[in-house]
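Structure file run_17.cif with mmCIF, C-alpha atoms:
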```
data_data
#
loop_
_atom_site.group_PDB
_atom_site.id
_atom_site.type_symbol
_atom_site.label_atom_id
_atom_site.label_comp_id
_atom_site.auth_asym_id
_atom_site.auth_seq_id
_atom_site.Cartn_x
_atom_site.Cartn_y
_atom_site.Cartn_z
ATOM 1 C CA MET A 8 0.053 -39.081 -16.113
ATOM 2 C CA GLN A 9 -3.288 -40.822 -16.280
ATOM 3 C CA ILE A 10 -4.833 -43.816 -14.561
ATOM 4 C CA ASP A 11 -7.997 -45.852 -14.983
ATOM 5 C CA GLY A 12 -9.504 -44.875 -11.624
ATOM 6 C CA PHE A 13 -11.686 -47.924 -10.934
ATOM 7 C CA ARG A 14 -9.097 -50.412 -12.174
ATOM 8 C CA PHE A 15 -6.336 -48.671 -10.176
ATOM 9 C CA ALA A 16 -8.428 -48.865 -6.987
ATOM 10 C CA GLU A 17 -9.749 -52.398 -7.601
ATOM 11 C CA HIS A 18 -6.228 -53.793 -8.032
ATOM 12 C CA GLY A 19 -4.764 -51.806 -5.131
ATOM 13 C CA GLU A 20 -2.182 -50.207 -7.383
ATOM 14 C CA LYS A 21 0.272 -47.614 -6.109
ATOM 15 C CA GLN A 22 2.024 -44.724 -7.821
ATOM 16 C CA GLN A 23 4.468 -42.347 -6.206
ATOM 17 C CA GLY A 24 6.848 -39.713 -7.357
ATOM 18 C CA VAL A 25 7.977 -36.117 -7.319
ATOM 19 C CA LEU A 26 6.537 -33.357 -9.495
ATOM 20 C CA PRO A 27 7.793 -29.760 -9.851
ATOM 21 C CA LEU A 28 5.377 -27.112 -8.553
ATOM 22 C CA VAL A 29 5.920 -25.108 -11.729
ATOM 23 C CA SER A 30 4.092 -27.831 -13.699
ATOM 24 C CA PHE A 31 0.736 -26.989 -12.067
ATOM 25 C CA THR A 32 -0.674 -24.159 -14.182
ATOM 26 C CA ARG A 33 -3.654 -23.266 -11.962
ATOM 27 C CA LEU A 34 -1.586 -23.411 -8.775
ATOM 28 C CA ARG A 35 1.059 -21.080 -10.239
ATOM 29 C CA ASP A 36 -1.470 -18.238 -10.119
ATOM 30 C CA VAL A 37 -1.613 -18.327 -6.302
ATOM 31 C CA LEU A 38 2.045 -19.022 -5.583
ATOM 32 C CA ARG A 39 4.613 -16.327 -4.941
ATOM 33 C CA ASP A 40 7.389 -18.635 -6.089
ATOM 34 C CA THR A 41 7.121 -21.895 -8.048
ATOM 35 C CA GLU A 42 10.444 -23.332 -6.906
ATOM 36 C CA GLY A 43 10.235 -26.706 -5.251
ATOM 37 C CA ASP A 44 8.551 -30.046 -5.728
ATOM 38 C CA VAL A 45 5.622 -32.002 -4.377
ATOM 39 C CA GLN A 46 6.130 -35.592 -3.277
ATOM 40 C CA TYR A 47 3.054 -37.714 -3.781
ATOM 41 C CA CYS A 48 1.836 -41.226 -3.167
ATOM 42 C CA LEU A 49 -1.424 -42.381 -4.774
ATOM 43 C CA THR A 50 -2.824 -45.725 -3.647
ATOM 44 C CA GLY A 51 -5.898 -47.552 -4.881
ATOM 45 C CA THR A 52 -7.967 -48.987 -2.046
ATOM 46 C CA ARG A 53 -11.395 -49.555 -0.556
ATOM 47 C CA GLU A 54 -12.556 -47.229 2.184
ATOM 48 C CA SER A 55 -14.244 -48.348 5.428
ATOM 49 C CA GLN A 56 -17.631 -48.935 3.754
ATOM 50 C CA GLY A 57 -16.096 -50.977 0.929
ATOM 51 C CA ARG A 58 -16.328 -48.310 -1.792
ATOM 52 C CA LEU A 59 -13.468 -48.008 -4.271
ATOM 53 C CA ALA A 60 -11.266 -45.052 -3.409
ATOM 54 C CA LEU A 61 -7.944 -43.357 -3.958
ATOM 55 C CA ARG A 62 -5.707 -42.408 -1.043
ATOM 56 C CA LEU A 63 -3.588 -39.381 -1.901
ATOM 57 C CA GLN A 64 -0.671 -38.311 0.279
ATOM 58 C CA LEU A 65 1.156 -35.051 -0.453
ATOM 59 C CA ASP A 66 4.257 -33.421 1.029
ATOM 60 C CA THR A 67 5.545 -30.031 -0.081
ATOM 61 C CA ALA A 68 5.961 -26.404 0.957
ATOM 62 C CA LEU A 69 4.090 -23.680 -0.917
ATOM 63 C CA GLN A 70 5.514 -20.166 -1.170
ATOM 64 C CA LEU A 71 2.645 -17.700 -0.780
ATOM 65 C CA THR A 72 2.281 -13.973 -0.142
ATOM 66 C CA CYS A 73 1.019 -12.942 3.293
ATOM 67 C CA GLN A 74 -2.029 -10.748 2.766
ATOM 68 C CA ARG A 75 -1.319 -8.772 5.933
ATOM 69 C CA CYS A 76 2.274 -7.658 5.312
ATOM 70 C CA LEU A 77 2.725 -8.691 1.636
ATOM 71 C CA GLU A 78 5.937 -10.509 2.503
ATOM 72 C CA PRO A 79 6.738 -14.122 1.541
ATOM 73 C CA MET A 80 5.353 -16.902 3.690
ATOM 74 C CA ARG A 81 5.900 -20.640 3.604
ATOM 75 C CA LEU A 82 2.941 -23.014 3.926
ATOM 76 C CA PRO A 83 4.066 -26.559 4.759
ATOM 77 C CA VAL A 84 1.720 -29.181 3.288
ATOM 78 C CA HIS A 85 1.508 -32.710 4.683
ATOM 79 C CA THR A 86 -1.845 -34.186 3.774
ATOM 80 C CA ASP A 87 -3.434 -37.602 3.536
ATOM 81 C CA VAL A 88 -6.862 -37.607 1.870
ATOM 82 C CA MET A 89 -9.295 -40.349 0.861
ATOM 83 C CA LEU A 90 -11.206 -39.754 -2.378
ATOM 84 C CA ILE A 91 -14.259 -41.955 -3.031
ATOM 85 C CA LEU A 92 -14.642 -42.832 -6.717
ATOM 86 C CA ALA A 93 -17.996 -41.984 -8.318
ATOM 87 C CA ARG A 94 -19.292 -43.112 -11.720
ATOM 88 C CA THR A 95 -21.571 -40.093 -12.328
ATOM 89 C CA GLU A 96 -21.913 -36.442 -11.333
ATOM 90 C CA ALA A 97 -25.084 -37.417 -9.456
ATOM 91 C CA GLU A 98 -23.022 -39.785 -7.268
ATOM 92 C CA VAL A 99 -20.541 -37.001 -6.576
ATOM 93 C CA GLU A 100 -23.322 -34.637 -5.517
ATOM 94 C CA ALA A 101 -25.059 -37.362 -3.465
ATOM 95 C CA GLY A 102 -22.024 -37.382 -1.185
ATOM 96 C CA GLY A 103 -23.756 -34.907 1.089
ATOM 97 C CA ASP A 104 -22.498 -31.898 2.948
ATOM 98 C CA ASP A 105 -20.980 -33.737 5.917
ATOM 99 C CA PRO A 106 -17.502 -32.216 6.341
ATOM 100 C CA GLU A 107 -16.325 -35.417 8.034
ATOM 101 C CA SER A 108 -17.161 -37.667 5.065
ATOM 102 C CA PRO A 109 -14.513 -38.299 2.393
ATOM 103 C CA ASP A 110 -14.671 -36.261 -0.792
ATOM 104 C CA ARG A 111 -15.943 -37.877 -3.967
ATOM 105 C CA VAL A 112 -14.351 -37.544 -7.373
ATOM 106 C CA LEU A 113 -15.669 -38.442 -10.778
ATOM 107 C CA ALA A 114 -13.673 -41.454 -11.923
ATOM 108 C CA SER A 115 -12.896 -42.336 -15.501
ATOM 109 C CA SER A 116 -10.621 -44.568 -17.525
ATOM 110 C CA ALA A 117 -8.326 -41.561 -18.053
ATOM 111 C CA MET A 118 -8.021 -39.742 -14.715
ATOM 112 C CA SER A 119 -5.240 -37.173 -14.506
ATOM 113 C CA VAL A 120 -2.987 -37.816 -11.511
ATOM 114 C CA ASP A 121 -1.509 -34.318 -11.920
ATOM 115 C CA GLY A 122 -5.056 -32.889 -11.868
ATOM 116 C CA LEU A 123 -5.913 -34.717 -8.618
ATOM 117 C CA ILE A 124 -2.731 -33.436 -6.989
ATOM 118 C CA GLU A 125 -3.263 -29.874 -8.188
ATOM 119 C CA ASP A 126 -6.905 -29.881 -7.025
ATOM 120 C CA GLU A 127 -5.894 -30.989 -3.525
ATOM 121 C CA LEU A 128 -3.121 -28.393 -3.301
ATOM 122 C CA LEU A 129 -5.505 -25.633 -4.387
ATOM 123 C CA LEU A 130 -8.009 -26.704 -1.727
ATOM 124 C CA LEU A 131 -5.299 -26.358 0.927
ATOM 125 C CA VAL A 132 -4.321 -22.784 0.026
ATOM 126 C CA PRO A 133 -6.063 -20.320 2.381
ATOM 127 C CA PHE A 134 -8.292 -17.656 0.821
ATOM 128 C CA ALA A 135 -6.197 -14.916 2.445
ATOM 129 C CA PRO A 136 -2.875 -16.414 3.567
ATOM 130 C CA ARG A 137 -1.334 -14.757 6.613
ATOM 131 C CA HIS A 138 1.605 -15.458 8.858
ATOM 132 C CA ALA A 139 0.614 -17.352 11.997
ATOM 133 C CA ALA A 140 2.321 -14.774 14.224
ATOM 134 C CA GLN A 141 1.825 -11.023 14.048
ATOM 135 C CA CYS A 142 3.568 -9.644 10.975
ATOM 136 C CA VAL A 143 6.338 -7.092 11.251
ATOM 137 C CA LEU A 144 5.600 -4.402 8.706
ATOM 138 C CA PRO A 145 8.557 -3.401 6.545
ATOM 139 C CA ASP A 146 9.903 0.171 6.878
ATOM 140 C CA ARG A 147 8.409 1.189 3.525
ATOM 141 C CA VAL A 148 4.906 0.548 4.910
ATOM 142 C CA HIS A 149 5.481 2.584 8.094
ATOM 143 C CA HIS A 150 6.582 5.583 6.036
ATOM 144 C CA ALA A 151 3.530 5.348 3.792
ATOM 145 C CA MET A 152 1.016 5.271 6.674
ATOM 146 C CA PRO A 153 -0.795 8.541 7.477
ATOM 147 C CA SER A 154 0.438 10.322 10.566
ATOM 148 C CA GLU A 155 -1.606 12.030 13.239
ATOM 149 C CA ASP A 156 -0.794 15.393 11.662
ATOM 150 C CA THR A 157 -3.887 17.625 11.784
ATOM 151 C CA THR A 158 -2.793 19.890 8.926
ATOM 152 C CA GLY A 159 -3.266 17.323 6.132
ATOM 153 C CA SER A 160 -6.564 16.427 4.452
ATOM 154 C CA LEU A 161 -7.248 13.526 6.818
ATOM 155 C CA GLY A 162 -6.470 15.701 9.824
ATOM 156 C CA LYS A 163 -8.856 18.398 8.614
ATOM 157 C CA LEU A 164 -11.575 15.797 8.026
ATOM 158 C CA ARG A 165 -11.000 14.319 11.505
ATOM 159 C CA HIS A 166 -11.253 17.830 13.019
ATOM 160 C CA LEU A 167 -14.434 18.570 11.061
ATOM 161 C CA LEU A 168 -16.084 15.320 12.156
ATOM 162 C CA THR A 169 -15.177 15.745 15.812
ATOM 163 C CA SER A 170 -16.294 19.403 15.891
ATOM 164 C CA THR A 171 -19.604 18.455 14.212
ATOM 165 C CA ASP A 172 -20.207 15.726 16.809
ATOM 166 C CA SER A 173 -19.683 18.189 19.655
ATOM 167 C CA ARG A 174 -22.382 20.554 18.269
ATOM 168 C CA LYS A 175 -25.149 17.924 18.126
ATOM 169 C CA PRO A 176 -27.978 18.551 20.607
ATOM 170 C CA ASN A 177 -28.394 15.916 23.347
#
```
Rendering of file as C-alpha coordinates:
Amino acid sequence: MQIDGFRFAEHGEKQQGVLPLVSFTRLRDVLRDTEGDVQYCLTGTRESQGRLALRLQLDTALQLTCQRCLEPMRLPVHTDVMLILARTEAEVEAGGDDPESPDRVLASSAMSVDGLIEDELLLLVPFAPRHAAQCVLPDRVHHAMPSEDTTGSLGKLRHLLTSTDSRKPN
(Lines of atoms letter the chains of each structure in order from A and count residues from 1; the text may use other names and numbers.)
(Lines give C-alpha, C1' and ligand atoms only; values in the text may rest on other atoms or scores of the structure.)
Protein backbone atom coordinates (compact mmCIF):
# COMPACT_ATOMS: atom_id res chain seq x y z
CA MET A 1 0.00 0.00 0.00
CA GLN A 2 1.28 3.44 -0.88
CA ILE A 3 0.16 6.98 -0.15
CA ASP A 4 1.14 10.43 -1.34
CA GLY A 5 2.46 11.61 2.03
CA PHE A 6 1.90 15.37 1.71
CA ARG A 7 -1.50 15.01 0.06
CA PHE A 8 -2.59 12.42 2.65
CA ALA A 9 -1.61 14.77 5.50
CA GLU A 10 -2.95 17.95 3.87
CA HIS A 11 -6.40 16.40 3.36
CA GLY A 12 -6.50 14.75 6.79
CA GLU A 13 -7.00 11.33 5.25
CA LYS A 14 -7.20 8.18 7.35
CA GLN A 15 -6.31 4.58 6.62
CA GLN A 16 -6.69 1.67 8.99
CA GLY A 17 -6.49 -2.05 8.77
CA VAL A 18 -4.89 -5.28 9.85
CA LEU A 19 -1.70 -6.74 8.39
CA PRO A 20 -0.14 -10.16 9.10
CA LEU A 21 3.23 -10.01 10.86
CA VAL A 22 4.60 -12.54 8.39
CA SER A 23 4.34 -9.91 5.63
CA PHE A 24 7.14 -7.80 7.16
CA THR A 25 10.35 -9.30 5.77
CA ARG A 26 12.83 -7.34 7.92
CA LEU A 27 10.82 -7.86 11.10
CA ARG A 28 10.66 -11.63 10.52
CA ASP A 29 14.40 -11.83 11.20
CA VAL A 30 13.95 -10.74 14.83
CA LEU A 31 10.73 -12.58 15.62
CA ARG A 32 10.60 -16.03 17.15
CA ASP A 33 7.17 -16.62 15.65
CA THR A 34 5.42 -14.67 12.87
CA GLU A 35 1.89 -15.67 13.85
CA GLY A 36 -0.45 -12.80 14.52
CA ASP A 37 -1.42 -9.46 13.04
CA VAL A 38 -0.78 -5.79 13.59
CA GLN A 39 -3.71 -3.39 13.73
CA TYR A 40 -2.84 0.04 12.44
CA CYS A 41 -4.41 3.44 12.00
CA LEU A 42 -2.61 6.07 9.90
CA THR A 43 -3.99 9.60 9.98
CA GLY A 44 -2.83 12.65 8.07
CA THR A 45 -2.66 15.75 10.25
CA ARG A 46 -0.74 18.85 11.27
CA GLU A 47 1.32 18.71 14.43
CA SER A 48 1.37 21.43 17.12
CA GLN A 49 3.65 23.74 15.09
CA GLY A 50 1.52 23.40 11.95
CA ARG A 51 3.84 21.05 10.03
CA LEU A 52 2.28 18.28 7.95
CA ALA A 53 2.57 14.96 9.74
CA LEU A 54 1.37 11.39 9.92
CA ARG A 55 0.01 9.93 13.15
CA LEU A 56 0.62 6.19 13.29
CA GLN A 57 -1.06 4.00 15.90
CA LEU A 58 -0.10 0.32 16.20
CA ASP A 59 -1.44 -2.55 18.30
CA THR A 60 0.05 -6.03 18.24
CA ALA A 61 2.06 -8.56 20.24
CA LEU A 62 5.50 -9.62 19.02
CA GLN A 63 6.87 -13.07 19.82
CA LEU A 64 10.57 -12.72 20.63
CA THR A 65 13.27 -14.88 22.21
CA CYS A 66 14.44 -13.88 25.68
CA GLN A 67 18.20 -13.44 25.53
CA ARG A 68 18.61 -14.51 29.15
CA CYS A 69 16.83 -17.88 29.13
CA LEU A 70 16.28 -18.38 25.36
CA GLU A 71 12.61 -19.11 25.95
CA PRO A 72 9.71 -17.40 24.13
CA MET A 73 8.56 -14.01 25.35
CA ARG A 74 5.66 -11.84 24.31
CA LEU A 75 6.16 -8.10 23.76
CA PRO A 76 2.85 -6.22 23.70
CA VAL A 77 2.97 -3.18 21.41
CA HIS A 78 0.57 -0.26 21.79
CA THR A 79 2.13 2.82 20.26
CA ASP A 80 1.01 6.19 19.00
CA VAL A 81 3.71 8.13 17.13
CA MET A 82 3.76 11.43 15.25
CA LEU A 83 5.96 11.52 12.14
CA ILE A 84 6.78 14.96 10.69
CA LEU A 85 6.94 14.92 6.89
CA ALA A 86 10.16 16.23 5.32
CA ARG A 87 10.78 17.06 1.65
CA THR A 88 14.55 16.38 1.69
CA GLU A 89 17.13 14.35 3.59
CA ALA A 90 18.54 17.65 4.89
CA GLU A 91 15.16 18.41 6.52
CA VAL A 92 15.15 14.97 8.12
CA GLU A 93 18.63 15.50 9.55
CA ALA A 94 17.79 19.06 10.66
CA GLY A 95 15.27 17.57 13.08
CA GLY A 96 17.91 17.60 15.79
CA ASP A 97 18.79 15.13 18.48
CA ASP A 98 16.06 16.09 20.96
CA PRO A 99 14.51 12.78 22.04
CA GLU A 100 11.27 14.59 22.91
CA SER A 101 10.74 15.98 19.39
CA PRO A 102 8.74 13.95 16.86
CA ASP A 103 10.64 11.87 14.33
CA ARG A 104 10.88 13.07 10.75
CA VAL A 105 10.38 10.92 7.69
CA LEU A 106 11.17 11.60 4.08
CA ALA A 107 7.84 12.03 2.33
CA SER A 108 7.14 11.23 -1.28
CA SER A 109 4.24 10.71 -3.65
CA ALA A 110 4.67 6.95 -3.17
CA MET A 111 5.24 6.31 0.54
CA SER A 112 4.93 2.69 1.64
CA VAL A 113 2.47 2.34 4.52
CA ASP A 114 3.81 -1.18 5.18
CA GLY A 115 7.35 0.27 5.33
CA LEU A 116 6.32 2.91 7.90
CA ILE A 117 4.66 0.26 10.05
CA GLU A 118 7.60 -2.13 9.81
CA ASP A 119 10.10 0.65 10.64
CA GLU A 120 8.16 1.58 13.79
CA LEU A 121 7.87 -2.04 14.91
CA LEU A 122 11.61 -2.58 14.42
CA LEU A 123 12.36 0.52 16.50
CA LEU A 124 10.28 -0.92 19.35
CA VAL A 125 12.10 -4.26 19.51
CA PRO A 126 14.73 -4.19 22.29
CA PHE A 127 18.34 -4.89 21.33
CA ALA A 128 18.46 -7.81 23.78
CA PRO A 129 14.89 -8.77 24.72
CA ARG A 130 14.50 -10.21 28.21
CA HIS A 131 11.60 -11.18 30.41
CA ALA A 132 10.64 -8.43 32.84
CA ALA A 133 10.85 -10.82 35.80
CA GLN A 134 13.76 -13.11 36.59
CA CYS A 135 13.82 -16.00 34.14
CA VAL A 136 13.49 -19.58 35.30
CA LEU A 137 16.17 -21.55 33.51
CA PRO A 138 14.98 -24.79 31.93
CA ASP A 139 16.36 -28.09 33.31
CA ARG A 140 18.57 -28.59 30.24
CA VAL A 141 20.50 -25.42 31.13
CA HIS A 142 21.05 -26.43 34.78
CA HIS A 143 22.54 -29.75 33.69
CA ALA A 144 24.89 -28.06 31.23
CA MET A 145 26.29 -25.58 33.79
CA PRO A 146 29.71 -26.40 35.29
CA SER A 147 29.62 -27.71 38.83
CA GLU A 148 31.91 -26.83 41.69
CA ASP A 149 33.80 -30.09 41.13
CA THR A 150 37.53 -29.49 41.61
CA THR A 151 38.63 -32.49 39.55
CA GLY A 152 37.60 -31.09 36.14
CA SER A 153 39.61 -28.64 34.04
CA LEU A 154 37.85 -25.59 35.48
CA GLY A 155 38.37 -26.88 39.01
CA LYS A 156 42.07 -27.41 38.38
CA LEU A 157 42.37 -23.91 36.91
CA ARG A 158 40.51 -22.42 39.91
CA HIS A 159 42.87 -24.30 42.28
CA LEU A 160 45.93 -23.12 40.35
CA LEU A 161 44.80 -19.48 40.41
CA THR A 162 43.95 -19.50 44.10
CA SER A 163 47.22 -21.23 45.07
CA THR A 164 49.21 -18.74 42.94
CA ASP A 165 47.47 -15.81 44.66
CA SER A 166 48.38 -17.16 48.10
CA ARG A 167 52.12 -17.29 47.19
CA LYS A 168 52.37 -13.62 46.13
CA PRO A 169 54.54 -11.51 48.46
CA ASN A 170 52.71 -8.74 50.36
Q: Starting from the point (0.9, -14.0, 9.1), work out which residues of protein, DNA or RNA have an atom no more than 10 Å away when counting all atoms listed in the file; state them as a ChimeraX atom specification.
A: /A:72-81,135-143
Q | Residue with smallest distance to A:Asp40 - pool A:Leu164, A:Arg58, A:Leu130, A:Ala68, counting all atoms listed in the file | A | A:Ala68
Q.
Please list as a VMD selection string every residue within 9 Å of stretch 30-35 of chain A, counting only C-alpha atoms and excluding residues in the same chain fewer than 2 positions away.
A. chain A and resid 26 to 28 37 to 41 121 to 122 124 to 126 128 to 129
Q) Got a sec: who's within 6 Å of A:Val45, counting all atoms listed in the file, leaving out chain neighbours fewer than 6 positions off, as a PyMOL selection string? A) chain A and resi 25-26+66-67
Output C-alpha atoms for every residue in the selection just made, as a PDB file, in the coordinates of the input.
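Result file result.pdb:
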```
ATOM      1  CA  VAL A  25       7.977 -36.117  -7.319  1.00  0.00           C
ATOM      2  CA  LEU A  26       6.537 -33.357  -9.495  1.00  0.00           C
ATOM      3  CA  ASP A  66       4.257 -33.421   1.029  1.00  0.00           C
ATOM      4  CA  THR A  67       5.545 -30.031  -0.081  1.00  0.00           C
TER       5      THR A  67
END
```
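Closest to A:Pro83 among A:Ser119, A:Ser55, A:Asp44, A:Ala97 is A:Asp44, based on only C-alpha atoms.
Checking A:Met8, A:Val112, A:Arg62, A:Tyr47 one by one against A:Glu20, counting only C-alpha atoms, you find the shortest gap at A:Arg62.
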Q: Have a look at atom CA of A:Gly12 and atom CA of A:His85 and let me know their distance in Å, one decimal.
A: 23.1 Å
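Using all atoms listed in the file, the nearest neighbour of A:Leu90 within the list A:Glu17, A:Ser160, A:Gln70, A:Thr50 is A:Thr50.
Around A:Cys48, within 6 Å and counting all atoms listed in the file, the residues found are Gln22, Gln23, Leu63 and Gln64 of chain A, once anything fewer than 2 positions away on its own chain is removed.
This file gives the following result for the PyMOL selection byres ((chain A and resi 92) around 9): Gly12, Phe13, Ala16, Arg58, Leu59, Ala60, Leu61, Leu90, Ile91, Ala93, Arg94, Glu98, Val99, Asp110, Arg111, Val112, Leu113, Ala114 and Ser115 of chain A.
Distance annotation: of A:Met89, A:Val29, A:Val120, A:Val84, the residue with the minimal separation from A:Pro133 is A:Val84; atom set is all atoms listed in the file.
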Adding 8 Å on each side of the box along x, y and z that holds all listed atoms of stretch 8-18 of chain A, could you give its centre and edge lengths in Å to one decimal, as lines of an AutoDock Vina configuration file?
```
center_x = -5.8
center_y = -46.4
center_z = -11.6
size_x = 27.7
size_y = 30.7
size_z = 25.3
```
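As for atom CA of A:Lys21 and atom CA of A:Thr95, they are spaced 23.9 Å apart.
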For stretch 37-65 of chain A, supply N, CA and C atoms and report the output as a PDB file, in the coordinates of the input.
```
ATOM      1  N   VAL A  37      -1.501 -18.709  -7.711  1.00  0.00           N
ATOM      2  CA  VAL A  37      -1.613 -18.327  -6.302  1.00  0.00           C
ATOM      3  C   VAL A  37      -0.277 -18.396  -5.558  1.00  0.00           C
ATOM      4  N   LEU A  38       0.737 -18.910  -6.223  1.00  0.00           N
ATOM      5  CA  LEU A  38       2.045 -19.022  -5.583  1.00  0.00           C
ATOM      6  C   LEU A  38       2.886 -17.776  -5.803  1.00  0.00           C
ATOM      7  N   ARG A  39       3.662 -17.433  -4.809  1.00  0.00           N
ATOM      8  CA  ARG A  39       4.613 -16.327  -4.941  1.00  0.00           C
ATOM      9  C   ARG A  39       5.831 -16.804  -5.718  1.00  0.00           C
ATOM     10  N   ASP A  40       6.201 -18.058  -5.482  1.00  0.00           N
ATOM     11  CA  ASP A  40       7.389 -18.635  -6.089  1.00  0.00           C
ATOM     12  C   ASP A  40       7.081 -20.092  -6.422  1.00  0.00           C
ATOM     13  N   THR A  41       7.441 -20.531  -7.618  1.00  0.00           N
ATOM     14  CA  THR A  41       7.121 -21.895  -8.048  1.00  0.00           C
ATOM     15  C   THR A  41       8.302 -22.854  -7.872  1.00  0.00           C
ATOM     16  N   GLU A  42       9.328 -22.425  -7.164  1.00  0.00           N
ATOM     17  CA  GLU A  42      10.444 -23.332  -6.906  1.00  0.00           C
ATOM     18  C   GLU A  42       9.992 -24.421  -5.956  1.00  0.00           C
ATOM     19  N   GLY A  43      10.534 -25.596  -6.146  1.00  0.00           N
ATOM     20  CA  GLY A  43      10.235 -26.706  -5.251  1.00  0.00           C
ATOM     21  C   GLY A  43       9.435 -27.797  -5.935  1.00  0.00           C
ATOM     22  N   ASP A  44       9.231 -28.868  -5.219  1.00  0.00           N
ATOM     23  CA  ASP A  44       8.551 -30.046  -5.728  1.00  0.00           C
ATOM     24  C   ASP A  44       7.479 -30.495  -4.750  1.00  0.00           C
ATOM     25  N   VAL A  45       6.599 -31.346  -5.239  1.00  0.00           N
ATOM     26  CA  VAL A  45       5.622 -32.002  -4.377  1.00  0.00           C
ATOM     27  C   VAL A  45       5.877 -33.500  -4.474  1.00  0.00           C
ATOM     28  N   GLN A  46       6.019 -34.133  -3.330  1.00  0.00           N
ATOM     29  CA  GLN A  46       6.130 -35.592  -3.277  1.00  0.00           C
ATOM     30  C   GLN A  46       4.726 -36.131  -3.102  1.00  0.00           C
ATOM     31  N   TYR A  47       4.400 -37.162  -3.874  1.00  0.00           N
ATOM     32  CA  TYR A  47       3.054 -37.714  -3.781  1.00  0.00           C
ATOM     33  C   TYR A  47       3.098 -39.230  -3.741  1.00  0.00           C
ATOM     34  N   CYS A  48       2.050 -39.788  -3.164  1.00  0.00           N
ATOM     35  CA  CYS A  48       1.836 -41.226  -3.167  1.00  0.00           C
ATOM     36  C   CYS A  48       0.340 -41.430  -3.368  1.00  0.00           C
ATOM     37  N   LEU A  49      -0.032 -42.101  -4.450  1.00  0.00           N
ATOM     38  CA  LEU A  49      -1.424 -42.381  -4.774  1.00  0.00           C
ATOM     39  C   LEU A  49      -1.625 -43.886  -4.690  1.00  0.00           C
ATOM     40  N   THR A  50      -2.582 -44.306  -3.870  1.00  0.00           N
ATOM     41  CA  THR A  50      -2.824 -45.725  -3.647  1.00  0.00           C
ATOM     42  C   THR A  50      -4.289 -46.042  -3.902  1.00  0.00           C
ATOM     43  N   GLY A  51      -4.536 -47.074  -4.676  1.00  0.00           N
ATOM     44  CA  GLY A  51      -5.898 -47.552  -4.881  1.00  0.00           C
ATOM     45  C   GLY A  51      -6.299 -48.429  -3.716  1.00  0.00           C
ATOM     46  N   THR A  52      -7.536 -48.268  -3.243  1.00  0.00           N
ATOM     47  CA  THR A  52      -7.967 -48.987  -2.046  1.00  0.00           C
ATOM     48  C   THR A  52      -9.482 -49.053  -1.983  1.00  0.00           C
ATOM     49  N   ARG A  53      -9.981 -49.618  -0.908  1.00  0.00           N
ATOM     50  CA  ARG A  53     -11.395 -49.555  -0.556  1.00  0.00           C
ATOM     51  C   ARG A  53     -11.464 -48.840   0.789  1.00  0.00           C
ATOM     52  N   GLU A  54     -12.429 -47.941   0.917  1.00  0.00           N
ATOM     53  CA  GLU A  54     -12.556 -47.229   2.184  1.00  0.00           C
ATOM     54  C   GLU A  54     -13.366 -48.081   3.158  1.00  0.00           C
ATOM     55  N   SER A  55     -13.638 -47.562   4.346  1.00  0.00           N
ATOM     56  CA  SER A  55     -14.244 -48.348   5.428  1.00  0.00           C
ATOM     57  C   SER A  55     -15.593 -48.971   5.075  1.00  0.00           C
ATOM     58  N   GLN A  56     -16.332 -48.384   4.148  1.00  0.00           N
ATOM     59  CA  GLN A  56     -17.631 -48.935   3.754  1.00  0.00           C
ATOM     60  C   GLN A  56     -17.526 -49.806   2.498  1.00  0.00           C
ATOM     61  N   GLY A  57     -16.306 -50.088   2.057  1.00  0.00           N
ATOM     62  CA  GLY A  57     -16.096 -50.977   0.929  1.00  0.00           C
ATOM     63  C   GLY A  57     -16.124 -50.323  -0.443  1.00  0.00           C
ATOM     64  N   ARG A  58     -16.289 -49.005  -0.495  1.00  0.00           N
ATOM     65  CA  ARG A  58     -16.328 -48.310  -1.792  1.00  0.00           C
ATOM     66  C   ARG A  58     -14.907 -48.128  -2.325  1.00  0.00           C
ATOM     67  N   LEU A  59     -14.774 -48.223  -3.646  1.00  0.00           N
ATOM     68  CA  LEU A  59     -13.468 -48.008  -4.271  1.00  0.00           C
ATOM     69  C   LEU A  59     -13.043 -46.561  -4.050  1.00  0.00           C
ATOM     70  N   ALA A  60     -11.757 -46.386  -3.754  1.00  0.00           N
ATOM     71  CA  ALA A  60     -11.266 -45.052  -3.409  1.00  0.00           C
ATOM     72  C   ALA A  60      -9.803 -44.914  -3.784  1.00  0.00           C
ATOM     73  N   LEU A  61      -9.353 -43.686  -3.773  1.00  0.00           N
ATOM     74  CA  LEU A  61      -7.944 -43.357  -3.958  1.00  0.00           C
ATOM     75  C   LEU A  61      -7.465 -42.655  -2.692  1.00  0.00           C
ATOM     76  N   ARG A  62      -6.333 -43.087  -2.182  1.00  0.00           N
ATOM     77  CA  ARG A  62      -5.707 -42.408  -1.043  1.00  0.00           C
ATOM     78  C   ARG A  62      -4.554 -41.593  -1.606  1.00  0.00           C
ATOM     79  N   LEU A  63      -4.603 -40.292  -1.373  1.00  0.00           N
ATOM     80  CA  LEU A  63      -3.588 -39.381  -1.901  1.00  0.00           C
ATOM     81  C   LEU A  63      -2.839 -38.726  -0.749  1.00  0.00           C
ATOM     82  N   GLN A  64      -1.528 -38.922  -0.737  1.00  0.00           N
ATOM     83  CA  GLN A  64      -0.671 -38.311   0.279  1.00  0.00           C
ATOM     84  C   GLN A  64       0.258 -37.318  -0.421  1.00  0.00           C
ATOM     85  N   LEU A  65       0.339 -36.118   0.138  1.00  0.00           N
ATOM     86  CA  LEU A  65       1.156 -35.051  -0.453  1.00  0.00           C
ATOM     87  C   LEU A  65       2.079 -34.444   0.592  1.00  0.00           C
TER      88      LEU A  65
END
```
